[in-house]
>>> print(open('data_31.txt').read())   # compact mmCIF, C-alpha atoms
# COMPACT_ATOMS: atom_id res chain seq x y z
CA MET U 1 -2.35 -4.79 -46.45
CA PRO U 2 0.80 -4.33 -44.34
CA ARG U 3 2.24 -7.52 -42.90
CA THR U 4 3.18 -6.37 -39.45
CA VAL U 5 3.65 -9.63 -37.59
CA SER U 6 6.60 -9.77 -35.25
CA PRO U 7 8.23 -13.19 -35.53
CA THR U 8 8.95 -13.57 -31.81
CA VAL U 9 5.63 -12.67 -30.16
CA HIS U 10 2.74 -15.07 -30.56
CA LEU U 11 -0.33 -12.93 -30.16
CA PRO U 12 -3.68 -14.70 -29.91
CA PRO U 13 -6.23 -13.91 -32.64
CA PHE U 14 -7.86 -10.63 -31.67
CA GLN U 15 -11.33 -12.17 -31.61
CA ARG U 16 -10.14 -14.22 -28.60
CA LEU U 17 -9.57 -10.99 -26.63
CA VAL U 18 -13.08 -9.83 -27.49
CA ASP U 19 -14.62 -13.18 -26.48
CA ASP U 20 -12.67 -13.38 -23.23
CA HIS U 21 -12.86 -9.80 -21.99
CA ALA U 22 -15.75 -7.87 -23.58
CA ALA U 23 -18.30 -8.73 -20.88
CA GLU U 24 -16.08 -7.65 -17.96
CA LEU U 25 -14.84 -4.55 -19.76
CA HIS U 26 -18.47 -3.62 -20.42
CA ARG U 27 -19.23 -3.94 -16.70
CA PHE U 28 -16.18 -1.83 -15.89
CA LEU U 29 -17.27 0.84 -18.35
CA VAL U 30 -20.91 0.95 -17.25
CA ALA U 31 -19.72 1.58 -13.70
CA SER U 32 -17.17 4.14 -14.94
CA VAL U 33 -19.23 6.17 -17.40
CA GLY U 34 -22.86 4.99 -17.20
CA SER U 35 -24.72 2.68 -19.55
CA ILE U 36 -25.38 5.21 -22.34
CA ASP U 37 -21.71 5.81 -23.05
CA ALA U 38 -20.44 2.34 -22.13
CA GLN U 39 -21.28 0.61 -25.41
CA ASP U 40 -19.46 3.24 -27.45
CA CYS U 41 -16.50 3.27 -25.03
CA LEU U 42 -16.28 -0.50 -25.38
CA GLN U 43 -16.05 -0.25 -29.17
CA GLU U 44 -13.51 2.55 -28.89
CA THR U 45 -11.48 0.43 -26.48
CA PHE U 46 -11.31 -2.56 -28.82
CA LEU U 47 -10.71 -0.37 -31.86
CA SER U 48 -7.71 1.31 -30.20
CA ALA U 49 -6.45 -2.07 -29.02
CA LEU U 50 -6.81 -3.50 -32.53
CA ARG U 51 -4.83 -0.58 -33.95
CA ALA U 52 -1.90 -1.12 -31.58
CA TYR U 53 -2.15 -4.90 -31.38
CA PRO U 54 0.45 -6.11 -33.92
CA ARG U 55 3.05 -3.81 -32.39
CA LEU U 56 2.77 -5.30 -28.89
CA ARG U 57 6.13 -6.58 -27.72
CA HIS U 58 4.78 -9.25 -25.38
CA ALA U 59 1.48 -11.03 -24.86
CA GLY U 60 1.95 -11.34 -21.09
CA ASN U 61 -0.88 -9.33 -19.58
CA LEU U 62 -3.34 -8.50 -22.33
CA ARG U 63 -6.13 -8.08 -19.81
CA ALA U 64 -4.37 -5.28 -17.92
CA TRP U 65 -3.48 -3.72 -21.26
CA LEU U 66 -7.18 -3.70 -22.29
CA TYR U 67 -8.21 -2.22 -18.93
CA THR U 68 -5.65 0.55 -19.34
CA ILE U 69 -7.15 1.45 -22.70
CA ALA U 70 -10.71 1.22 -21.32
CA GLN U 71 -9.74 3.50 -18.43
CA ARG U 72 -8.46 6.08 -20.94
CA LYS U 73 -11.62 5.84 -23.05
CA ALA U 74 -13.73 6.25 -19.92
CA THR U 75 -11.83 9.41 -19.04
CA ASP U 76 -12.37 10.79 -22.54
CA ALA U 77 -16.10 10.04 -22.31
CA VAL U 78 -16.46 11.64 -18.88
CA ARG U 79 -14.63 14.77 -20.05
CA SER U 80 -16.79 15.08 -23.09
CA ARG U 81 -19.94 14.63 -20.96
CA ILE U 82 -18.79 17.40 -18.63
CA ARG U 83 -18.05 19.64 -21.62
CA HIS U 84 -21.49 18.99 -23.03
CA ARG U 85 -23.41 19.17 -19.80
CA ALA U 86 -24.68 22.67 -20.50
CA GLY U 87 -26.02 21.35 -23.82
CA ASP U 88 -27.64 18.42 -22.07
CA ILE U 89 -29.49 20.65 -19.68
CA GLU U 90 -30.87 22.67 -22.56
CA ALA U 91 -31.82 19.47 -24.36
CA VAL U 92 -33.66 18.18 -21.30
CA ALA U 93 -35.45 21.49 -21.05
CA GLU U 94 -36.64 21.01 -24.61
CA GLY U 95 -37.61 17.42 -23.83
CA ARG U 96 -35.23 15.98 -26.41
CA LEU U 97 -33.62 13.54 -24.00
CA ALA U 98 -36.89 12.38 -22.50
CA GLY U 99 -36.94 9.21 -24.62
CA GLU U 100 -33.36 8.17 -23.82
CA PRO U 101 -32.96 4.87 -21.98
CA HIS U 102 -32.54 5.23 -18.25
CA PRO U 103 -28.84 5.06 -17.52
CA VAL U 104 -27.93 2.51 -14.85
CA PRO U 105 -26.20 3.02 -12.53
CA ASP U 106 -26.92 6.72 -12.67
CA ASP U 107 -27.88 7.82 -9.18
CA GLY U 108 -25.96 10.46 -7.30
CA LEU U 109 -23.28 8.10 -6.03
CA TRP U 110 -22.36 6.73 -9.47
CA ARG U 111 -22.40 10.19 -10.94
CA SER U 112 -19.77 11.09 -8.31
CA VAL U 113 -17.76 7.95 -9.15
CA ARG U 114 -17.66 9.08 -12.78
CA GLU U 115 -16.17 12.38 -11.77
CA LEU U 116 -13.31 10.94 -9.73
CA PRO U 117 -9.79 11.32 -11.11
CA ALA U 118 -9.18 8.52 -13.64
CA LYS U 119 -7.00 6.25 -11.47
CA GLN U 120 -9.20 6.61 -8.41
CA ARG U 121 -12.29 5.86 -10.48
CA ALA U 122 -10.74 2.74 -12.03
CA ALA U 123 -9.41 1.54 -8.66
CA VAL U 124 -12.78 2.02 -6.94
CA VAL U 125 -14.62 0.19 -9.75
CA HIS U 126 -12.19 -2.75 -9.74
CA ARG U 127 -12.24 -2.98 -5.96
CA TYR U 128 -15.99 -2.83 -5.40
CA VAL U 129 -17.82 -3.67 -8.63
CA PHE U 130 -15.55 -6.67 -9.23
CA ASP U 131 -14.95 -7.32 -5.53
CA LEU U 132 -11.18 -7.67 -5.95
CA ALA U 133 -8.33 -7.69 -3.43
CA TYR U 134 -5.90 -4.76 -3.69
CA ARG U 135 -3.27 -7.02 -5.24
CA GLU U 136 -5.69 -7.94 -8.06
CA VAL U 137 -6.74 -4.30 -8.49
CA GLY U 138 -3.06 -3.48 -8.92
CA GLU U 139 -2.58 -6.27 -11.47
CA ARG U 140 -5.49 -5.10 -13.58
CA MET U 141 -4.26 -1.52 -13.51
CA GLY U 142 -0.59 -2.29 -13.94
CA ILE U 143 0.29 -0.60 -10.62
CA SER U 144 1.51 -1.88 -7.24
CA GLU U 145 -0.77 -3.28 -4.55
CA GLU U 146 0.06 -0.29 -2.37
CA ALA U 147 -0.71 2.20 -5.13
CA ALA U 148 -4.02 0.41 -5.70
CA ARG U 149 -4.90 0.72 -2.01
CA GLN U 150 -4.02 4.42 -2.00
CA ASN U 151 -6.13 5.10 -5.07
CA VAL U 152 -9.14 3.26 -3.63
CA ASN U 153 -8.84 5.11 -0.31
CA ALA U 154 -8.40 8.50 -1.95
CA GLY U 155 -11.42 7.76 -4.13
CA LEU U 156 -13.53 6.75 -1.12
CA ARG U 157 -12.57 9.90 0.79
CA ARG U 158 -13.64 12.04 -2.12
CA LEU U 159 -16.89 10.14 -2.58
CA ARG U 160 -17.70 10.51 1.11
CA MET U 161 -17.27 14.26 0.84
CA GLU U 162 -19.52 14.35 -2.21
CA VAL U 163 -22.21 12.18 -0.63
CA ASP U 164 -22.16 14.12 2.66
CA ARG U 165 -22.45 17.42 0.92
CA MET W 1 -17.62 -2.21 5.73
CA THR W 2 -19.09 1.23 5.49
CA ASP W 3 -22.46 1.98 4.00
CA LEU W 4 -20.74 3.70 1.07
CA GLU W 5 -18.72 0.60 0.30
CA GLY W 6 -21.91 -1.47 0.47
CA GLN W 7 -23.60 0.72 -2.11
CA LEU W 8 -20.58 0.53 -4.41
CA ARG W 9 -20.68 -3.24 -4.28
CA ASN W 10 -24.18 -3.61 -5.69
CA PRO W 11 -24.59 -1.69 -8.90
CA LEU W 12 -27.40 -2.83 -11.15
CA ILE W 13 -25.60 -3.31 -14.45
CA PRO W 14 -27.57 -4.08 -17.60
CA ALA W 15 -26.74 -7.21 -19.58
CA TYR W 16 -24.15 -6.82 -22.26
CA ASP W 17 -25.02 -7.48 -25.89
CA PRO W 18 -22.12 -9.27 -27.63
CA GLN W 19 -23.83 -9.20 -31.05
CA ALA W 20 -24.08 -5.43 -31.07
CA LEU W 21 -20.44 -5.07 -30.10
CA THR W 22 -19.14 -7.55 -32.66
CA ALA W 23 -21.12 -6.15 -35.58
CA GLY W 24 -20.26 -2.53 -34.78
CA LEU W 25 -16.62 -3.31 -34.09
CA ALA W 26 -16.08 -5.25 -37.32
CA GLU W 27 -17.66 -2.47 -39.35
CA ARG W 28 -15.54 0.25 -37.76
CA ALA W 29 -12.40 -1.87 -37.91
CA GLU W 30 -12.88 -2.42 -41.61
CA ALA W 31 -13.56 1.27 -42.26
CA SER W 32 -10.26 2.07 -40.48
CA ARG W 33 -8.44 -0.68 -42.44
CA LEU W 34 -7.72 -2.53 -39.22
CA LEU W 35 -9.50 -5.75 -40.13
CA ASP W 36 -6.78 -7.92 -41.68
CA VAL W 37 -8.65 -11.24 -41.43
CA ALA W 38 -12.41 -11.77 -41.11
CA TYR W 39 -13.96 -15.18 -40.56
CA ALA W 40 -17.40 -16.76 -40.27
CA GLU W 41 -19.09 -20.13 -40.17
CA LEU W 42 -21.25 -21.34 -43.02
CA ASP W 43 -23.32 -24.45 -43.61
CA SER W 44 -22.64 -26.88 -46.41
CA PRO W 45 -23.75 -30.42 -47.35
CA ILE W 46 -20.34 -31.67 -46.17
CA GLY W 47 -20.54 -30.09 -42.75
CA GLU W 48 -19.91 -26.67 -41.27
CA LEU W 49 -17.18 -24.68 -42.99
CA ILE W 50 -15.33 -21.74 -41.50
CA VAL W 51 -14.02 -19.35 -44.12
CA PHE W 52 -11.32 -16.73 -43.62
CA VAL W 53 -11.01 -13.71 -45.89
CA THR W 54 -8.52 -10.84 -46.13
CA PRO W 55 -8.76 -7.65 -48.20
CA ARG W 56 -6.89 -9.63 -50.88
CA GLY W 57 -9.32 -12.51 -51.07
CA LEU W 58 -10.18 -15.94 -49.71
CA LEU W 59 -7.38 -17.12 -47.42
CA ARG W 60 -8.58 -20.34 -45.82
CA VAL W 61 -11.48 -22.80 -45.80
CA LYS W 62 -11.69 -24.96 -42.69
CA TYR W 63 -13.56 -28.24 -42.44
CA ALA W 64 -15.38 -29.12 -39.23
CA ASP W 65 -12.79 -31.71 -38.10
CA GLU W 66 -9.95 -29.19 -37.87
CA PRO W 67 -9.84 -27.48 -34.46
CA ILE W 68 -10.72 -23.80 -34.86
CA GLU W 69 -8.23 -22.72 -32.16
CA SER W 70 -5.23 -24.11 -34.00
CA VAL W 71 -6.35 -22.66 -37.34
CA LEU W 72 -6.91 -19.25 -35.75
CA ALA W 73 -3.50 -19.41 -34.06
CA ASP W 74 -1.83 -20.36 -37.33
CA VAL W 75 -3.49 -17.50 -39.23
CA ALA W 76 -2.65 -15.07 -36.41
CA THR W 77 1.02 -16.03 -36.56
CA ARG W 78 1.46 -16.34 -40.31
CA VAL W 79 -0.82 -13.59 -41.62
CA SER W 80 -1.97 -11.14 -38.93
CA PRO W 81 -3.37 -11.27 -35.39
CA ARG W 82 -5.93 -8.61 -36.37
CA ILE W 83 -8.66 -11.20 -36.77
CA LEU W 84 -12.36 -10.71 -36.08
CA ARG W 85 -15.42 -12.84 -36.59
CA ALA W 86 -17.32 -10.80 -39.19
CA PRO W 87 -20.02 -12.66 -41.17
CA SER W 88 -20.77 -9.62 -43.33
CA ARG W 89 -17.25 -9.77 -44.80
CA THR W 90 -17.73 -13.36 -45.97
CA ASP W 91 -20.99 -12.83 -47.89
CA ALA W 92 -19.37 -13.23 -51.32
CA VAL W 93 -17.78 -16.55 -50.32
CA ARG W 94 -21.08 -17.77 -48.88
CA ARG W 95 -22.93 -16.88 -52.10
CA GLU W 96 -20.45 -18.66 -54.36
CA LEU W 97 -20.24 -21.78 -52.20
CA ASP W 98 -24.05 -21.97 -51.95
CA GLY W 99 -24.20 -21.66 -55.73
CA TYR W 100 -21.60 -24.40 -56.16
CA PHE W 101 -23.29 -26.89 -53.84
CA SER W 102 -26.67 -26.31 -55.52
CA LEU W 103 -25.08 -26.71 -58.99
CA ARG W 104 -25.95 -23.17 -60.04
CA ARG W 105 -22.25 -22.31 -60.26
CA ARG W 106 -19.48 -24.28 -61.95
CA ARG W 107 -16.56 -21.98 -61.32
CA PHE W 108 -15.51 -19.68 -58.54
CA ASP W 109 -14.79 -16.04 -59.28
CA LEU W 110 -13.51 -15.29 -55.78
CA PRO W 111 -10.11 -13.63 -55.52
CA ILE W 112 -7.67 -15.89 -53.66
CA ASP W 113 -5.17 -14.78 -51.03
CA TRP W 114 -2.24 -17.21 -51.40
CA SER W 115 -0.42 -15.98 -48.27
CA LEU W 116 -0.56 -19.38 -46.56
CA VAL W 117 1.06 -21.16 -49.52
CA ARG W 118 4.79 -21.29 -50.23
CA GLY W 119 7.15 -22.59 -52.91
CA PHE W 120 6.40 -25.70 -54.96
CA ALA W 121 3.05 -26.17 -53.20
CA GLY W 122 2.06 -22.74 -54.50
CA GLY W 123 2.72 -23.82 -58.09
CA VAL W 124 0.81 -27.06 -57.64
CA LEU W 125 -2.19 -25.37 -56.03
CA ARG W 126 -2.31 -22.60 -58.64
CA GLN W 127 -2.42 -25.25 -61.36
CA THR W 128 -5.06 -27.15 -59.42
CA ALA W 129 -7.19 -23.99 -59.23
CA ARG W 130 -7.46 -24.16 -63.05
CA ILE W 131 -8.88 -27.69 -63.28
CA PRO W 132 -12.45 -27.14 -64.45
CA PHE W 133 -15.64 -28.43 -62.81
CA GLY W 134 -16.32 -32.02 -63.82
CA ASP W 135 -12.73 -32.67 -64.89
CA VAL W 136 -9.98 -34.60 -63.06
CA ARG W 137 -6.16 -34.83 -63.21
CA SER W 138 -3.59 -37.27 -61.88
CA TYR W 139 -0.97 -36.27 -59.30
CA GLY W 140 1.69 -36.64 -61.99
CA GLN W 141 -0.16 -34.36 -64.41
CA VAL W 142 -0.51 -31.64 -61.80
CA ALA W 143 3.18 -32.00 -60.88
CA ALA W 144 4.10 -31.68 -64.56
CA GLU W 145 1.91 -28.61 -65.00
CA ALA W 146 3.69 -27.09 -61.99
CA GLY W 147 7.01 -27.73 -63.77
CA SER W 148 8.23 -30.93 -62.06
CA PRO W 149 6.95 -33.97 -63.96
CA ARG W 150 8.58 -36.46 -61.58
CA ALA W 151 7.31 -34.86 -58.37
CA ALA W 152 3.94 -36.63 -58.15
CA ARG W 153 4.50 -37.48 -54.49
CA ALA W 154 5.47 -33.90 -53.61
CA ALA W 155 2.39 -32.74 -55.49
CA GLY W 156 0.34 -35.08 -53.31
CA ASN W 157 1.80 -33.50 -50.19
CA ALA W 158 1.12 -30.01 -51.53
CA LEU W 159 -2.50 -30.91 -52.23
CA GLY W 160 -2.81 -32.47 -48.77
CA SER W 161 -1.88 -29.11 -47.24
CA ASN W 162 -4.26 -27.09 -49.44
CA PRO W 163 -5.51 -24.26 -47.18
CA ILE W 164 -8.49 -23.53 -49.48
CA PRO W 165 -10.24 -26.85 -50.22
CA ILE W 166 -13.35 -26.87 -52.47
CA VAL W 167 -12.51 -23.48 -54.05
CA VAL W 168 -9.00 -24.66 -54.96
CA PRO W 169 -10.33 -28.04 -56.08
CA CYS W 170 -7.72 -30.49 -54.88
CA HIS W 171 -10.50 -33.12 -54.84
CA ARG W 172 -10.18 -33.17 -58.65
CA VAL W 173 -6.73 -34.76 -58.42
CA LEU W 174 -6.73 -38.60 -58.38
CA HIS W 175 -4.28 -41.45 -58.81
CA ALA W 176 -3.38 -42.22 -62.43
CA ASN W 177 -5.05 -45.65 -62.05
CA GLY W 178 -8.34 -43.97 -61.19
CA SER W 179 -8.30 -44.65 -57.44
CA LEU W 180 -9.18 -41.69 -55.30
CA GLY W 181 -5.86 -41.04 -53.56
CA GLY W 182 -6.06 -38.99 -50.38
CA TYR W 183 -7.98 -35.97 -49.12
CA SER W 184 -7.24 -33.73 -46.15
CA GLY W 185 -10.97 -33.46 -45.41
CA GLY W 186 -11.46 -37.25 -45.52
CA LEU W 187 -12.33 -39.44 -48.49
CA ASP W 188 -16.10 -39.19 -47.87
CA ARG W 189 -15.93 -35.49 -48.65
CA LYS W 190 -13.79 -36.13 -51.73
CA ARG W 191 -16.36 -38.67 -52.94
CA TYR W 192 -19.22 -36.26 -52.28
CA LEU W 193 -17.57 -33.44 -54.23
CA LEU W 194 -16.65 -35.67 -57.18
CA ALA W 195 -20.17 -37.15 -57.26
CA LEU W 196 -21.64 -33.64 -57.15
CA GLU W 197 -19.57 -32.79 -60.23
CA GLY W 198 -20.44 -36.09 -61.95
CA SER W 199 -16.81 -37.25 -62.06
CA LEU W 200 -16.63 -39.92 -59.37
CA PRO W 201 -14.76 -42.93 -60.84
CA LYS W 202 -17.18 -45.87 -61.39
CA ARG W 203 -15.75 -48.38 -58.94
CA ASP W 204 -15.87 -45.82 -56.13
>>> encode(input="data_31.txt", output="structure tokens")
Amino acid sequence: MPRTVSPTVHLPPFQRLVDDHAAELHRFLVASVGSIDAQDCLQETFLSALRAYPRLRHAGNLRAWLYTIAQRKATDAVRSRIRHRAGDIEAVAEGRLAGEPHPVPDDGLWRSVRELPAKQRAAVVHRYVFDLAYREVGERMGISEEAARQNVNAGLRRLRMEVDR
Amino acid sequence: MTDLEGQLRNPLIPAYDPQALTAGLAERAEASRLLDVAYAELDSPIGELIVFVTPRGLLRVKYADEPIESVLADVATRVSPRILRAPSRTDAVRRELDGYFSLRRRRFDLPIDWSLVRGFAGGVLRQTARIPFGDVRSYGQVAAEAGSPRAARAAGNALGSNPIPIVVPCHRVLHANGSLGGYSGGLDRKRYLLALEGSLPKRD
């Protein structure tokens, strides 16, 4: 087992990150990718975080760090869903997906949220699902308050176009 | 607030299942060799124990009076911060401790990870690990076996900082005059363990 501890950074035991942030990251991921993929994305998020953890140079904003990873995993999941959509449609036609649990939220609006560009999707989810001010959205995403506002607004514009269509 | 914003604010999100996450995560972390330290609680006649294991072996046994947060922080700093609660990884320790407390087992075959032990204390504790069930030693004897016959007091300190009580049986070390000496887990626990092994000095 490699001993990879940096002597200067005091990282909390990883289990603490899971205990403190799993529930909110799960909520973020359900809103971002739907409930079917969220559980797997959550595991992927923590697994990636665990891999990189001992190499972190500071323990300042672990929450934003986890959200950044979750955002990336959500993007991967959405891309792979889009790639496999043709397969899904065939599967539905054959009735193979009929027994799958009903994904929530999965109506038209949330489907459109999933397909927003990654930063807009994350910003919209933080802003509305967590009911955060732009400054807090920025903190969680590691971007400025102004950038957070722009991403939320761009996301809303796009959603409006989708919904009106 | 627009209607769209209102809809975004009220998603129905299913409850999250922490058990499923923890079990799945520990399993995948171990398969990817990312689980450096696993820990879990287990019951014993002398209170709840929390045991910590690494791929090398048993690293730490914590009695209920020690605060879990400080033990976790210490392990994170001195061994690795890649720590997860993973009961499945501690099954072997649970089996052997259950066997010991029910007198079905008189010696532990668990591999030990000595990472939390340094220097003279390491020598003392390694010697202590060889004291058989039902037997006792004096502090001076253990110091001598560790190569420093006159370091009885230092041996006492080393035993007091034993990170792996019960399995490294520091309770089997007593004063030469037969009095119990000290115990990091409290003298009641020392008495219980010695009585279990049938070696509690008469006047105690």
>>> residues_near_point(input="data_31.txt", point="(-5.6, -9.4, -12.3)", cutoff="12 Å", atoms="only C-alpha atoms", output="NGL selection string")
:U and (60-67 or 126-127 or 130-145 or 148)
>>> residues_around(input="data_31.txt", residues="range 190-200 of chain W", least_positions_apart="4", cutoff="7 Å", atoms="all atoms listed in the file", output="list in words")
Phe133, Gly134, Asp135, His171, Tyr183, Gly186 and Asp204 of chain W
>>> closest_atom_pairs(input="data_31.txt", of="chain W", to="chain U", cutoff="10 Å", atoms="all atoms listed in the file", output="CSV")
residue,atom,partner,partner_atom,distance
W:Leu4,CA,U:Arg160,CA,7.5
W:Glu5,CA,U:Tyr128,CA,7.2
W:Gly6,CA,U:Tyr128,CA,8.4
W:Gln7,CA,U:Leu109,CA,8.4
W:Leu8,CA,U:Tyr128,CA,5.8
W:Arg9,CA,U:Tyr128,CA,4.8
W:Asn10,CA,U:Val129,CA,7.0
W:Pro11,CA,U:Pro105,CA,6.2
W:Leu12,CA,U:Pro105,CA,6.1
W:Ile13,CA,U:Val104,CA,6.3
W:Pro14,CA,U:Val104,CA,7.1
W:Ala15,CA,U:Ala23,CA,8.7
W:Tyr16,CA,U:Ala23,CA,6.3
W:Asp17,CA,U:Ala23,CA,8.5
W:Pro18,CA,U:Ala22,CA,7.7
W:Ala20,CA,U:Gln39,CA,8.7
W:Leu21,CA,U:Gln43,CA,6.6
W:Thr22,CA,U:Val18,CA,8.3
W:Gly24,CA,U:Gln43,CA,7.4
W:Leu25,CA,U:Gln43,CA,5.8
W:Ala26,CA,U:Leu47,CA,9.1
W:Arg28,CA,U:Leu47,CA,7.7
W:Ala29,CA,U:Leu47,CA,6.5
W:Ser32,CA,U:Arg51,CA,8.9
W:Arg33,CA,U:Met1,CA,8.4
W:Leu34,CA,U:Arg51,CA,6.3
W:Leu35,CA,U:Leu50,CA,8.4
W:Asp36,CA,U:Met1,CA,7.2
W:Val37,CA,U:Pro13,CA,9.5
W:Ala38,CA,U:Gln15,CA,9.6
W:Tyr39,CA,U:Gln15,CA,9.8
W:Thr54,CA,U:Met1,CA,8.6
W:Pro55,CA,U:Met1,CA,7.2
W:Arg56,CA,U:Met1,CA,8.0
W:Glu69,CA,U:Pro13,CA,9.0
W:Val71,CA,U:Pro13,CA,9.9
W:Leu72,CA,U:Pro13,CA,6.2
W:Ala73,CA,U:Pro12,CA,6.3
W:Asp74,CA,U:Pro13,CA,9.1
W:Val75,CA,U:Pro13,CA,8.0
W:Ala76,CA,U:Pro13,CA,5.3
W:Thr77,CA,U:His10,CA,6.3
W:Arg78,CA,U:Val5,CA,7.6
W:Val79,CA,U:Arg3,CA,6.9
W:Ser80,CA,U:Val5,CA,6.0
W:Pro81,CA,U:Pro13,CA,4.8
W:Arg82,CA,U:Phe14,CA,5.5
W:Ile83,CA,U:Phe14,CA,5.2
W:Leu84,CA,U:Gln15,CA,4.8
W:Arg85,CA,U:Gln15,CA,6.5
W:Ala86,CA,U:Gln15,CA,9.8
>>> residues_around(input="data_31.txt", residues="Ile112 in chain W", least_positions_apart="4", cutoff="12 Å", atoms="all atoms listed in the file", output="list in words")
Val51, Phe52, Val53, Thr54, Pro55, Arg56, Gly57, Leu58, Leu59, Arg60, Val61, Val93, Phe108, Leu116, Val117, Gly122, Leu125, Arg126, Ala129, Pro163, Ile164, Pro165, Val167 and Val168 of chain W
>>> atom_distance(input="data_31.txt", atom1="CA of Ser102 in chain W", atom2="CA of Arg189 in chain W")
15.7 Å
>>> residues_around(input="data_31.txt", residues="Ala143 in chain W", least_positions_apart="3", cutoff="9 Å", atoms="all atoms listed in the file", output="list in words")
Gly123, Val124, Gln127, Ser138, Tyr139, Gly140, Ala146, Gly147, Ser148, Pro149, Arg150, Ala151, Ala152, Arg153, Ala154, Ala155 and Gly156 of chain W
>>> write_last_selection(input="data_31.txt", atoms="C-alpha atoms", output="mmCIF file, in the frame of the given file")
data_model
loop_
_atom_site.group_PDB
_atom_site.id
_atom_site.type_symbol
_atom_site.label_atom_id
_atom_site.label_comp_id
_atom_site.auth_asym_id
_atom_site.auth_seq_id
_atom_site.Cartn_x
_atom_site.Cartn_y
_atom_site.Cartn_z
ATOM 1 C CA GLY W 123 2.720 -23.820 -58.090
ATOM 2 C CA VAL W 124 0.810 -27.060 -57.640
ATOM 3 C CA GLN W 127 -2.420 -25.250 -61.360
ATOM 4 C CA SER W 138 -3.590 -37.270 -61.880
ATOM 5 C CA TYR W 139 -0.970 -36.270 -59.300
ATOM 6 C CA GLY W 140 1.690 -36.640 -61.990
ATOM 7 C CA ALA W 146 3.690 -27.090 -61.990
ATOM 8 C CA GLY W 147 7.010 -27.730 -63.770
ATOM 9 C CA SER W 148 8.230 -30.930 -62.060
ATOM 10 C CA PRO W 149 6.950 -33.970 -63.960
ATOM 11 C CA ARG W 150 8.580 -36.460 -61.580
ATOM 12 C CA ALA W 151 7.310 -34.860 -58.370
ATOM 13 C CA ALA W 152 3.940 -36.630 -58.150
ATOM 14 C CA ARG W 153 4.500 -37.480 -54.490
ATOM 15 C CA ALA W 154 5.470 -33.900 -53.610
ATOM 16 C CA ALA W 155 2.390 -32.740 -55.490
ATOM 17 C CA GLY W 156 0.340 -35.080 -53.310
#
>>> residues_near_point(input="data_31.txt", point="(-23.2, -22.0, -59.1)", cutoff="6 Å", atoms="all atoms listed in the file", output="ChimeraX atom specification")
/W:99-100,103-106
>>> atom_distance(input="data_31.txt", atom1="CA of Ala144 in chain W", atom2="CA of Leu187 in chain W")
24.3 Å
>>> atom_distance(input="data_31.txt", atom1="CA of His21 in chain U", atom2="CA of Gly155 in chain U")
25.1 Å
>>> closest_residue(input="data_31.txt", among="W:Pro67, W:Pro45, W:Asn157, W:Asn162", to="Trp114 in chain W", atoms="all atoms listed in the file")
W:Asn162
>>> decode(input="data_31.txt", residues="range 46-57 of chain U", atoms="N, CA and C atoms", output="mmCIF file, in the first residue's frame")
data_model
loop_
_atom_site.group_PDB
_atom_site.id
_atom_site.type_symbol
_atom_site.label_atom_id
_atom_site.label_comp_id
_atom_site.auth_asym_id
_atom_site.auth_seq_id
_atom_site.Cartn_x
_atom_site.Cartn_y
_atom_site.Cartn_z
ATOM 1 N N PHE U 46 -17.712 9.697 -5.813
ATOM 2 C CA PHE U 46 -16.904 9.432 -4.624
ATOM 3 C C PHE U 46 -15.681 8.577 -4.958
ATOM 4 N N LEU U 47 -15.825 7.681 -5.926
ATOM 5 C CA LEU U 47 -14.682 6.850 -6.300
ATOM 6 C C LEU U 47 -13.572 7.708 -6.932
ATOM 7 N N SER U 48 -13.967 8.628 -7.813
ATOM 8 C CA SER U 48 -12.977 9.541 -8.407
ATOM 9 C C SER U 48 -12.346 10.427 -7.346
ATOM 10 N N ALA U 49 -13.188 10.904 -6.421
ATOM 11 C CA ALA U 49 -12.677 11.767 -5.358
ATOM 12 C C ALA U 49 -11.684 10.995 -4.494
ATOM 13 N N LEU U 50 -12.022 9.748 -4.175
ATOM 14 C CA LEU U 50 -11.152 8.922 -3.336
ATOM 15 C C LEU U 50 -9.797 8.696 -4.014
ATOM 16 N N ARG U 51 -9.846 8.520 -5.338
ATOM 17 C CA ARG U 51 -8.606 8.299 -6.090
ATOM 18 C C ARG U 51 -7.685 9.515 -5.967
ATOM 19 N N ALA U 52 -8.246 10.694 -6.123
ATOM 20 C CA ALA U 52 -7.428 11.915 -6.137
ATOM 21 C C ALA U 52 -7.138 12.451 -4.735
ATOM 22 N N TYR U 53 -7.880 11.970 -3.754
ATOM 23 C CA TYR U 53 -7.897 12.608 -2.431
ATOM 24 C C TYR U 53 -6.535 12.858 -1.786
ATOM 25 N N PRO U 54 -5.661 11.850 -1.691
ATOM 26 C CA PRO U 54 -4.394 12.097 -0.968
ATOM 27 C C PRO U 54 -3.502 13.115 -1.670
ATOM 28 N N ARG U 55 -3.773 13.390 -2.929
ATOM 29 C CA ARG U 55 -2.921 14.347 -3.649
ATOM 30 C C ARG U 55 -3.426 15.786 -3.553
ATOM 31 N N LEU U 56 -4.569 15.995 -2.895
ATOM 32 C CA LEU U 56 -5.092 17.355 -2.749
ATOM 33 C C LEU U 56 -4.082 18.230 -2.017
ATOM 34 N N ARG U 57 -3.927 19.438 -2.490
ATOM 35 C CA ARG U 57 -2.943 20.341 -1.885
ATOM 36 C C ARG U 57 -3.525 21.164 -0.746
#
